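Peer 1: structure-v5.pdb (PDB, C-alpha atoms (C1' of nucleotides)) pasted underneath:
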```pdb
ATOM      1  CA  MET Z   1     -35.029   5.158 -13.946
ATOM      2  CA  LYS Z   2     -35.057   5.263 -10.185
ATOM      3  CA  PRO Z   3     -34.572   8.558  -8.331
ATOM      4  CA  TRP Z   4     -31.360   7.309  -6.747
ATOM      5  CA  ASP Z   5     -30.231   5.548  -9.848
ATOM      6  CA  LEU Z   6     -27.486   6.996 -11.961
ATOM      7  CA  LYS Z   7     -27.078   6.838 -15.682
ATOM      8  CA  ASN Z   8     -26.444   3.292 -16.717
ATOM      9  CA  ASP Z   9     -26.945   4.092 -20.350
ATOM     10  CA  SER Z  10     -23.196   3.799 -20.577
ATOM     11  CA  GLY Z  11     -23.513   0.275 -19.265
ATOM     12  CA  SER Z  12     -20.346   0.715 -17.252
ATOM     13  CA  ILE Z  13     -21.921   0.810 -13.840
ATOM     14  CA  ALA Z  14     -24.378  -2.023 -14.268
ATOM     15  CA  PHE Z  15     -22.537  -3.827 -11.514
ATOM     16  CA  ASN Z  16     -22.812  -0.913  -9.114
ATOM     17  CA  GLU Z  17     -26.489  -0.453  -9.840
ATOM     18  CA  LYS Z  18     -27.235  -4.065  -8.971
ATOM     19  CA  THR Z  19     -25.114  -3.817  -5.863
ATOM     20  CA  TYR Z  20     -27.018  -0.790  -4.606
ATOM     21  CA  GLU Z  21     -30.305  -2.440  -5.495
ATOM     22  CA  LEU Z  22     -29.517  -5.483  -3.385
ATOM     23  CA  LEU Z  23     -28.219  -3.398  -0.533
ATOM     24  CA  ARG Z  24     -31.412  -1.364  -0.651
ATOM     25  CA  GLN Z  25     -33.308  -4.570   0.119
ATOM     26  CA  VAL Z  26     -31.470  -4.962   3.401
ATOM     27  CA  PRO Z  27     -33.676  -3.838   6.324
ATOM     28  CA  ALA Z  28     -32.382  -1.928   9.333
ATOM     29  CA  GLY Z  29     -30.878  -4.010  12.089
ATOM     30  CA  LYS Z  30     -29.623  -6.513   9.540
ATOM     31  CA  VAL Z  31     -26.236  -6.910   7.910
ATOM     32  CA  VAL Z  32     -24.884  -8.608   4.818
ATOM     33  CA  THR Z  33     -21.451  -9.636   3.678
ATOM     34  CA  TYR Z  34     -19.756  -8.485   0.497
ATOM     35  CA  ALA Z  35     -19.563 -12.141  -0.472
ATOM     36  CA  ASP Z  36     -23.326 -12.525  -0.131
ATOM     37  CA  ILE Z  37     -23.935  -9.537  -2.351
ATOM     38  CA  ALA Z  38     -21.503 -10.802  -4.936
ATOM     39  CA  ARG Z  39     -23.150 -14.203  -4.723
ATOM     40  CA  ALA Z  40     -26.594 -12.652  -5.157
ATOM     41  CA  LEU Z  41     -25.276 -10.878  -8.211
ATOM     42  CA  GLY Z  42     -24.143 -14.216  -9.521
ATOM     43  CA  THR Z  43     -20.458 -13.299  -9.364
ATOM     44  CA  LYS Z  44     -17.492 -13.450  -7.030
ATOM     45  CA  ALA Z  45     -16.500  -9.820  -7.252
ATOM     46  CA  TYR Z  46     -16.282  -9.336  -3.498
ATOM     47  CA  ARG Z  47     -13.754  -6.600  -4.046
ATOM     48  CA  ALA Z  48     -15.694  -4.987  -6.842
ATOM     49  CA  VAL Z  49     -18.647  -4.765  -4.467
ATOM     50  CA  GLY Z  50     -16.509  -3.089  -1.835
ATOM     51  CA  ASN Z  51     -15.179  -0.779  -4.494
ATOM     52  CA  ALA Z  52     -18.693   0.192  -5.478
ATOM     53  CA  MET Z  53     -19.449   0.950  -1.826
ATOM     54  CA  ASN Z  54     -16.441   3.194  -1.507
ATOM     55  CA  LYS Z  55     -17.556   5.098  -4.553
ATOM     56  CA  ASN Z  56     -21.108   4.943  -3.265
ATOM     57  CA  PRO Z  57     -22.535   8.234  -4.590
ATOM     58  CA  TYR Z  58     -25.726   7.709  -2.542
ATOM     59  CA  ALA Z  59     -24.275   7.534   0.967
ATOM     60  CA  PRO Z  60     -27.515   7.879   2.995
ATOM     61  CA  HIS Z  61     -29.656   6.496   0.204
ATOM     62  CA  VAL Z  62     -27.912   3.154   0.179
ATOM     63  CA  PRO Z  63     -27.249   1.541   3.600
ATOM     64  CA  CYS Z  64     -23.645   0.723   2.760
ATOM     65  CA  HIS Z  65     -22.940   0.687   6.498
ATOM     66  CA  ARG Z  66     -24.950  -2.543   6.747
ATOM     67  CA  VAL Z  67     -22.352  -4.337   4.689
ATOM     68  CA  VAL Z  68     -19.718  -6.150   6.712
ATOM     69  CA  ASN Z  69     -17.007  -8.745   6.217
ATOM     70  CA  SER Z  70     -17.633 -12.479   6.138
ATOM     71  CA  ASP Z  71     -15.820 -12.768   9.444
ATOM     72  CA  GLY Z  72     -18.532 -10.646  11.034
ATOM     73  CA  ARG Z  73     -16.168  -7.724  11.289
ATOM     74  CA  ILE Z  74     -17.140  -4.164  10.456
ATOM     75  CA  GLY Z  75     -14.584  -3.998   7.732
ATOM     76  CA  GLY Z  76     -14.059  -0.512   6.411
ATOM     77  CA  PHE Z  77     -15.982   2.638   5.746
ATOM     78  CA  ALA Z  78     -15.335   5.681   3.608
ATOM     79  CA  LEU Z  79     -16.118   7.940   6.560
ATOM     80  CA  GLY Z  80     -14.308   5.748   9.054
ATOM     81  CA  CYS Z  81     -15.083   2.397  10.647
ATOM     82  CA  GLU Z  82     -16.189   4.194  13.809
ATOM     83  CA  LYS Z  83     -18.921   5.970  11.878
ATOM     84  CA  LYS Z  84     -20.069   2.687  10.420
ATOM     85  CA  THR Z  85     -20.092   1.040  13.839
ATOM     86  CA  ALA Z  86     -22.076   3.928  15.301
ATOM     87  CA  LEU Z  87     -24.661   3.605  12.542
ATOM     88  CA  LEU Z  88     -24.996  -0.135  13.088
ATOM     89  CA  GLU Z  89     -25.390   0.364  16.831
ATOM     90  CA  LYS Z  90     -28.063   2.940  16.116
ATOM     91  CA  GLU Z  91     -29.824   0.471  13.831
ATOM     92  CA  GLY Z  92     -29.858  -2.007  16.696
ATOM     93  CA  VAL Z  93     -26.842  -4.077  15.730
ATOM     94  CA  ASP Z  94     -24.441  -4.594  18.607
ATOM     95  CA  VAL Z  95     -20.790  -4.262  17.745
ATOM     96  CA  LYS Z  96     -17.989  -5.393  19.991
ATOM     97  CA  SER Z  97     -14.339  -4.734  19.239
ATOM     98  CA  GLY Z  98     -15.217  -4.004  15.637
ATOM     99  CA  LYS Z  99     -17.102  -7.271  15.331
ATOM    100  CA  ILE Z 100     -20.824  -7.915  14.912
ATOM    101  CA  VAL Z 101     -22.518  -9.547  17.891
ATOM    102  CA  ASP Z 102     -24.610 -12.556  16.823
ATOM    103  CA  PHE Z 103     -23.456 -11.875  13.312
ATOM    104  CA  GLU Z 104     -25.099 -14.947  11.806
ATOM    105  CA  LYS Z 105     -28.322 -13.989  13.549
ATOM    106  CA  LYS Z 106     -28.336 -10.400  12.333
ATOM    107  CA  ARG Z 107     -27.251 -11.469   8.902
ATOM    108  CA  PHE Z 108     -29.754 -10.853   6.094
ATOM    109  CA  GLN Z 109     -29.889 -13.391   3.298
ATOM    110  CA  PHE Z 110     -31.030 -12.556  -0.194
ATOM    111  CA  GLY Z 111     -33.954 -14.719  -1.241
ATOM    112  CA  ALA Z 112     -33.647 -16.405   2.154
ATOM    113  CA  HIS Z 113     -32.085 -19.188   0.119
TER     114      HIS Z 113
ATOM    115  C1'  DC N 114      -3.472  -3.645 -23.469
ATOM    116  C1'  DC N 115      -0.754  -4.051 -19.086
ATOM    117  C1'  DC N 116      -0.400  -2.769 -14.375
ATOM    118  C1'  DT N 117      -1.974  -1.063  -9.942
ATOM    119  C1'  DT N 118      -5.417  -0.501  -6.475
ATOM    120  C1'  DG N 119      -9.387  -1.786  -3.420
ATOM    121  C1'  DA N 120     -14.698  -0.848   2.342
ATOM    122  C1'  DC N 121     -12.701  -8.701   0.182
ATOM    123  C1'  DC N 122     -12.262 -14.009   1.014
ATOM    124  C1'  DA N 123     -10.217 -18.303   2.060
ATOM    125  C1'  DA N 124      -6.494 -21.048   3.017
ATOM    126  C1'  DA N 125      -1.946 -21.523   4.901
ATOM    127  C1'  DC N 126       1.793 -20.467   8.158
TER     128       DC N 126
ATOM    129  C1'  DG A 127      -5.084 -15.805  18.175
ATOM    130  C1'  DG A 128      -2.402 -13.311  14.738
ATOM    131  C1'  DT A 129      -0.028 -12.436  10.030
ATOM    132  C1'  DT A 130       1.106 -13.666   5.115
ATOM    133  C1'  DT A 131      -0.023 -15.386   0.465
ATOM    134  C1'  DG A 132      -2.729 -16.293  -3.405
ATOM    135  C1'  DG A 133      -6.950 -15.616  -5.734
ATOM    136  C1'  DC A 134     -10.923 -13.267  -7.100
ATOM    137  C1'  DC A 135     -13.462  -9.403  -9.913
ATOM    138  C1'  DA A 136     -14.081  -4.619 -11.539
ATOM    139  C1'  DA A 137     -12.455   0.144 -12.384
ATOM    140  C1'  DG A 138      -8.882   3.556 -13.366
ATOM    141  C1'  DG A 139      -4.224   5.107 -14.968
TER     142       DG A 139
END
```
Mind converting the file's structure to C-alpha coordinates?
Peer 2:
Amino acid sequence: MKPWDLKNDSGSIAFNEKTYELLRQVPAGKVVTYADIARALGTKAYRAVGNAMNKNPYAPHVPCHRVVNSDGRIGGFALGCEKKTALLEKEGVDVKSGKIVDFEKKRFQFGAH
DNA sequence: CCCTTGACCAAAC
DNA sequence: GGTTTGGCCAAGG
(Lines of atoms letter the chains of each structure in order from A and count residues from 1; the text may use other names and numbers.)
(Lines give C-alpha, C1' and ligand atoms only; values in the text may rest on other atoms or scores of the structure.)
Protein backbone atom coordinates (compact mmCIF):
# COMPACT_ATOMS: atom_id res chain seq x y z
CA MET A 1 0.00 0.00 0.00
CA LYS A 2 1.44 3.30 -1.10
CA PRO A 3 1.65 6.23 1.32
CA TRP A 4 -0.71 8.29 -0.81
CA ASP A 5 -2.91 5.37 -1.63
CA LEU A 6 -6.26 5.00 0.02
CA LYS A 7 -8.04 1.86 1.01
CA ASN A 8 -8.98 -0.07 -2.07
CA ASP A 9 -9.89 -3.12 -0.09
CA SER A 10 -13.44 -2.11 -0.82
CA GLY A 11 -12.62 -2.31 -4.49
CA SER A 12 -14.80 0.70 -5.17
CA ILE A 13 -12.06 3.14 -5.96
CA ALA A 14 -9.91 0.92 -8.13
CA PHE A 15 -10.56 3.33 -10.96
CA ASN A 16 -9.43 6.34 -8.96
CA GLU A 17 -6.31 4.58 -7.78
CA LYS A 18 -5.25 3.81 -11.33
CA THR A 19 -6.05 7.34 -12.40
CA TYR A 20 -3.84 8.83 -9.70
CA GLU A 21 -1.11 6.33 -10.49
CA LEU A 22 -1.02 7.38 -14.13
CA LEU A 23 -1.17 11.04 -13.28
CA ARG A 24 1.72 10.53 -10.88
CA GLN A 25 3.80 9.42 -13.86
CA VAL A 26 3.34 12.78 -15.54
CA PRO A 27 6.47 14.94 -15.12
CA ALA A 28 6.39 18.68 -14.48
CA GLY A 29 6.05 20.87 -17.52
CA LYS A 30 3.96 18.21 -19.23
CA VAL A 31 0.21 17.84 -19.55
CA VAL A 32 -2.19 15.03 -20.34
CA THR A 33 -5.79 14.88 -21.42
CA TYR A 34 -8.57 13.11 -19.57
CA ALA A 35 -9.07 11.05 -22.71
CA ASP A 36 -5.45 9.90 -22.64
CA ILE A 37 -5.75 8.81 -19.05
CA ALA A 38 -8.97 6.96 -19.75
CA ARG A 39 -7.32 5.38 -22.77
CA ALA A 40 -4.31 4.35 -20.69
CA LEU A 41 -6.70 2.77 -18.24
CA GLY A 42 -8.21 0.86 -21.10
CA THR A 43 -11.58 2.61 -20.81
CA LYS A 44 -13.44 5.62 -22.12
CA ALA A 45 -14.48 7.04 -18.79
CA TYR A 46 -13.28 10.55 -19.57
CA ARG A 47 -15.86 11.91 -17.19
CA ALA A 48 -15.13 9.37 -14.51
CA VAL A 49 -11.50 10.48 -14.65
CA GLY A 50 -12.51 14.10 -14.22
CA ASN A 51 -14.77 13.07 -11.39
CA ALA A 52 -11.89 11.32 -9.67
CA MET A 53 -9.83 14.50 -10.03
CA ASN A 54 -12.52 16.61 -8.45
CA LYS A 55 -12.65 14.24 -5.54
CA ASN A 56 -8.87 14.07 -5.59
CA PRO A 57 -8.09 13.57 -1.88
CA TYR A 58 -4.35 14.05 -2.58
CA ALA A 59 -4.38 17.55 -4.07
CA PRO A 60 -0.61 18.30 -3.94
CA HIS A 61 0.33 14.64 -4.04
CA VAL A 62 -1.26 14.06 -7.41
CA PRO A 63 -0.56 16.70 -10.11
CA CYS A 64 -4.21 16.94 -11.12
CA HIS A 65 -3.46 20.42 -12.45
CA ARG A 66 -1.47 18.81 -15.27
CA VAL A 67 -4.63 17.30 -16.66
CA VAL A 68 -6.29 19.34 -19.38
CA ASN A 69 -8.96 18.95 -22.03
CA SER A 70 -8.37 17.35 -25.42
CA ASP A 71 -8.80 20.76 -27.00
CA GLY A 72 -5.71 21.94 -25.14
CA ARG A 73 -7.84 24.01 -22.82
CA ILE A 74 -7.29 24.19 -19.08
CA GLY A 75 -10.68 22.77 -18.41
CA GLY A 76 -11.70 23.03 -14.80
CA PHE A 77 -10.21 22.88 -11.36
CA ALA A 78 -11.64 22.32 -7.92
CA LEU A 79 -9.83 25.40 -6.64
CA GLY A 80 -10.55 27.43 -9.75
CA CYS A 81 -9.19 27.37 -13.29
CA GLU A 82 -7.00 30.36 -12.46
CA LYS A 83 -5.21 28.35 -9.79
CA LYS A 84 -4.66 25.54 -12.24
CA THR A 85 -3.34 27.92 -14.88
CA ALA A 86 -0.98 29.51 -12.36
CA LEU A 87 0.38 26.10 -11.41
CA LEU A 88 0.94 25.15 -15.04
CA GLU A 89 2.71 28.44 -15.72
CA LYS A 90 4.89 27.78 -12.70
CA GLU A 91 5.68 24.32 -14.03
CA GLY A 92 6.82 25.93 -17.27
CA VAL A 93 3.68 25.42 -19.32
CA ASP A 94 2.55 28.58 -21.07
CA VAL A 95 -1.16 29.22 -21.00
CA LYS A 96 -2.90 31.75 -23.17
CA SER A 97 -6.57 32.60 -22.83
CA GLY A 98 -7.12 29.42 -20.86
CA LYS A 99 -5.45 27.35 -23.56
CA ILE A 100 -2.16 25.46 -23.50
CA VAL A 101 0.55 26.89 -25.75
CA ASP A 102 2.12 24.18 -27.93
CA PHE A 103 -0.28 21.77 -26.33
CA GLU A 104 0.71 18.81 -28.49
CA LYS A 105 4.34 19.53 -27.70
CA LYS A 106 3.86 19.73 -23.94
CA ARG A 107 1.57 16.75 -24.00
CA PHE A 108 2.83 13.65 -22.17
CA GLN A 109 1.93 10.29 -23.63
CA PHE A 110 1.66 7.15 -21.57
CA GLY A 111 4.00 4.46 -22.84
CA ALA A 112 5.01 6.93 -25.55
CA HIS A 113 2.83 4.73 -27.73
C1' DC B 1 -32.72 -0.34 -9.65
C1' DC B 2 -33.59 4.27 -11.82
C1' DC B 3 -32.16 8.94 -12.18
C1' DT B 4 -29.05 12.84 -11.78
C1' DT B 5 -24.56 14.85 -11.88
C1' DG B 6 -19.72 15.67 -13.50
C1' DA B 7 -12.64 19.15 -13.72
C1' DC B 8 -15.22 15.22 -20.66
C1' DC B 9 -15.25 14.24 -25.96
C1' DA B 10 -16.71 14.36 -30.61
C1' DA B 11 -19.77 15.53 -34.01
C1' DA B 12 -23.27 18.59 -35.70
C1' DC B 13 -25.52 23.09 -36.29
C1' DG C 1 -15.43 31.03 -34.16
C1' DG C 2 -19.23 29.85 -31.10
C1' DT C 3 -23.21 26.90 -29.11
C1' DT C 4 -26.10 22.59 -28.84
C1' DT C 5 -26.78 17.55 -28.80
C1' DG C 6 -25.72 12.93 -28.03
C1' DG C 7 -22.70 9.66 -26.05
C1' DC C 8 -19.56 7.91 -22.86
C1' DC C 9 -18.30 5.93 -17.98
C1' DA C 10 -18.40 5.98 -12.89
C1' DA C 11 -20.27 7.48 -8.38
C1' DG C 12 -23.99 9.07 -5.38
C1' DG C 13 -28.92 9.85 -4.07
Peer 1: At a cut-off of 6 Å, using only C-alpha atoms (C1' of nucleotides), what residues contact N:DA120? Leave out same-chain residues fewer than 6 positions from it and give the result as an NGL selection string.
Peer 2: :Z and (50 or 54 or 76-77)
Peer 1: Quick one: which residues from chain Z are at most 9 Å off chain N, using only C-alpha atoms (C1' of nucleotides), as a VMD selection string?
Peer 2: chain Z and resid 34 to 35 45 to 54 67 to 70 75 to 78 81
Peer 1: To one decimal place in Å, what is the distance between atom CA of Z:Val95 and atom CA of Z:Ile74?
Peer 2: 8.2 Å
Peer 1: Near chain Z, meaning an atom within 7 Å, which residues of chain A appear when counting only C-alpha atoms (C1' of nucleotides)? Write them as a list in words.
Peer 2: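 Using only C-alpha atoms (C1' of nucleotides), chain A residues at most 7 Å from chain Z: DC134, DC135 and DA136 of chain A.
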Peer 1: Quick one: distance from atom CA of Z:Lys106 to atom CA of Z:Lys30 in Å, one decimal?
Peer 2: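 Here the two named atoms are 5.0 Å from each other.
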Peer 1: So that I can see what lies close to Z:Phe108, please list as a list of chain:residue names the residues with an atom at most 9 Å from it, counting all atoms listed in the file and leaving out residues fewer than 5 positions away in the same chain.
Peer 2: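 My reading of the contact set: Z:Val26, Z:Pro27, Z:Lys30, Z:Val31, Z:Val32, Z:Thr33.
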Peer 1: List the residues matched by the PyMOL selection byres ((chain Z and resi 65) around 8) in the displayed structure as a PyMOL selection string, ordered by chain and then by residue number.
Peer 2: chain Z and resi 63-64+66-68+77+84-85+87-88
Peer 1: When you draw a straight line from atom CA of Z:Asp36 to atom C1' of A:DT131, how long is it in Å?
Peer 2: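 Separating atom CA of Z:Asp36 from atom C1' of A:DT131 is a distance of 23.5 Å.
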Peer 1: Choose the residue, out of Z:Arg39, Z:Val93, Z:Tyr58, Z:Leu79, that has the smallest atom-to-atom separation from Z:Lys105; count all atoms listed in the file.
Peer 2: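 When distances to Z:Lys105 are compared using all atoms listed in the file, the smallest one comes from Z:Val93.
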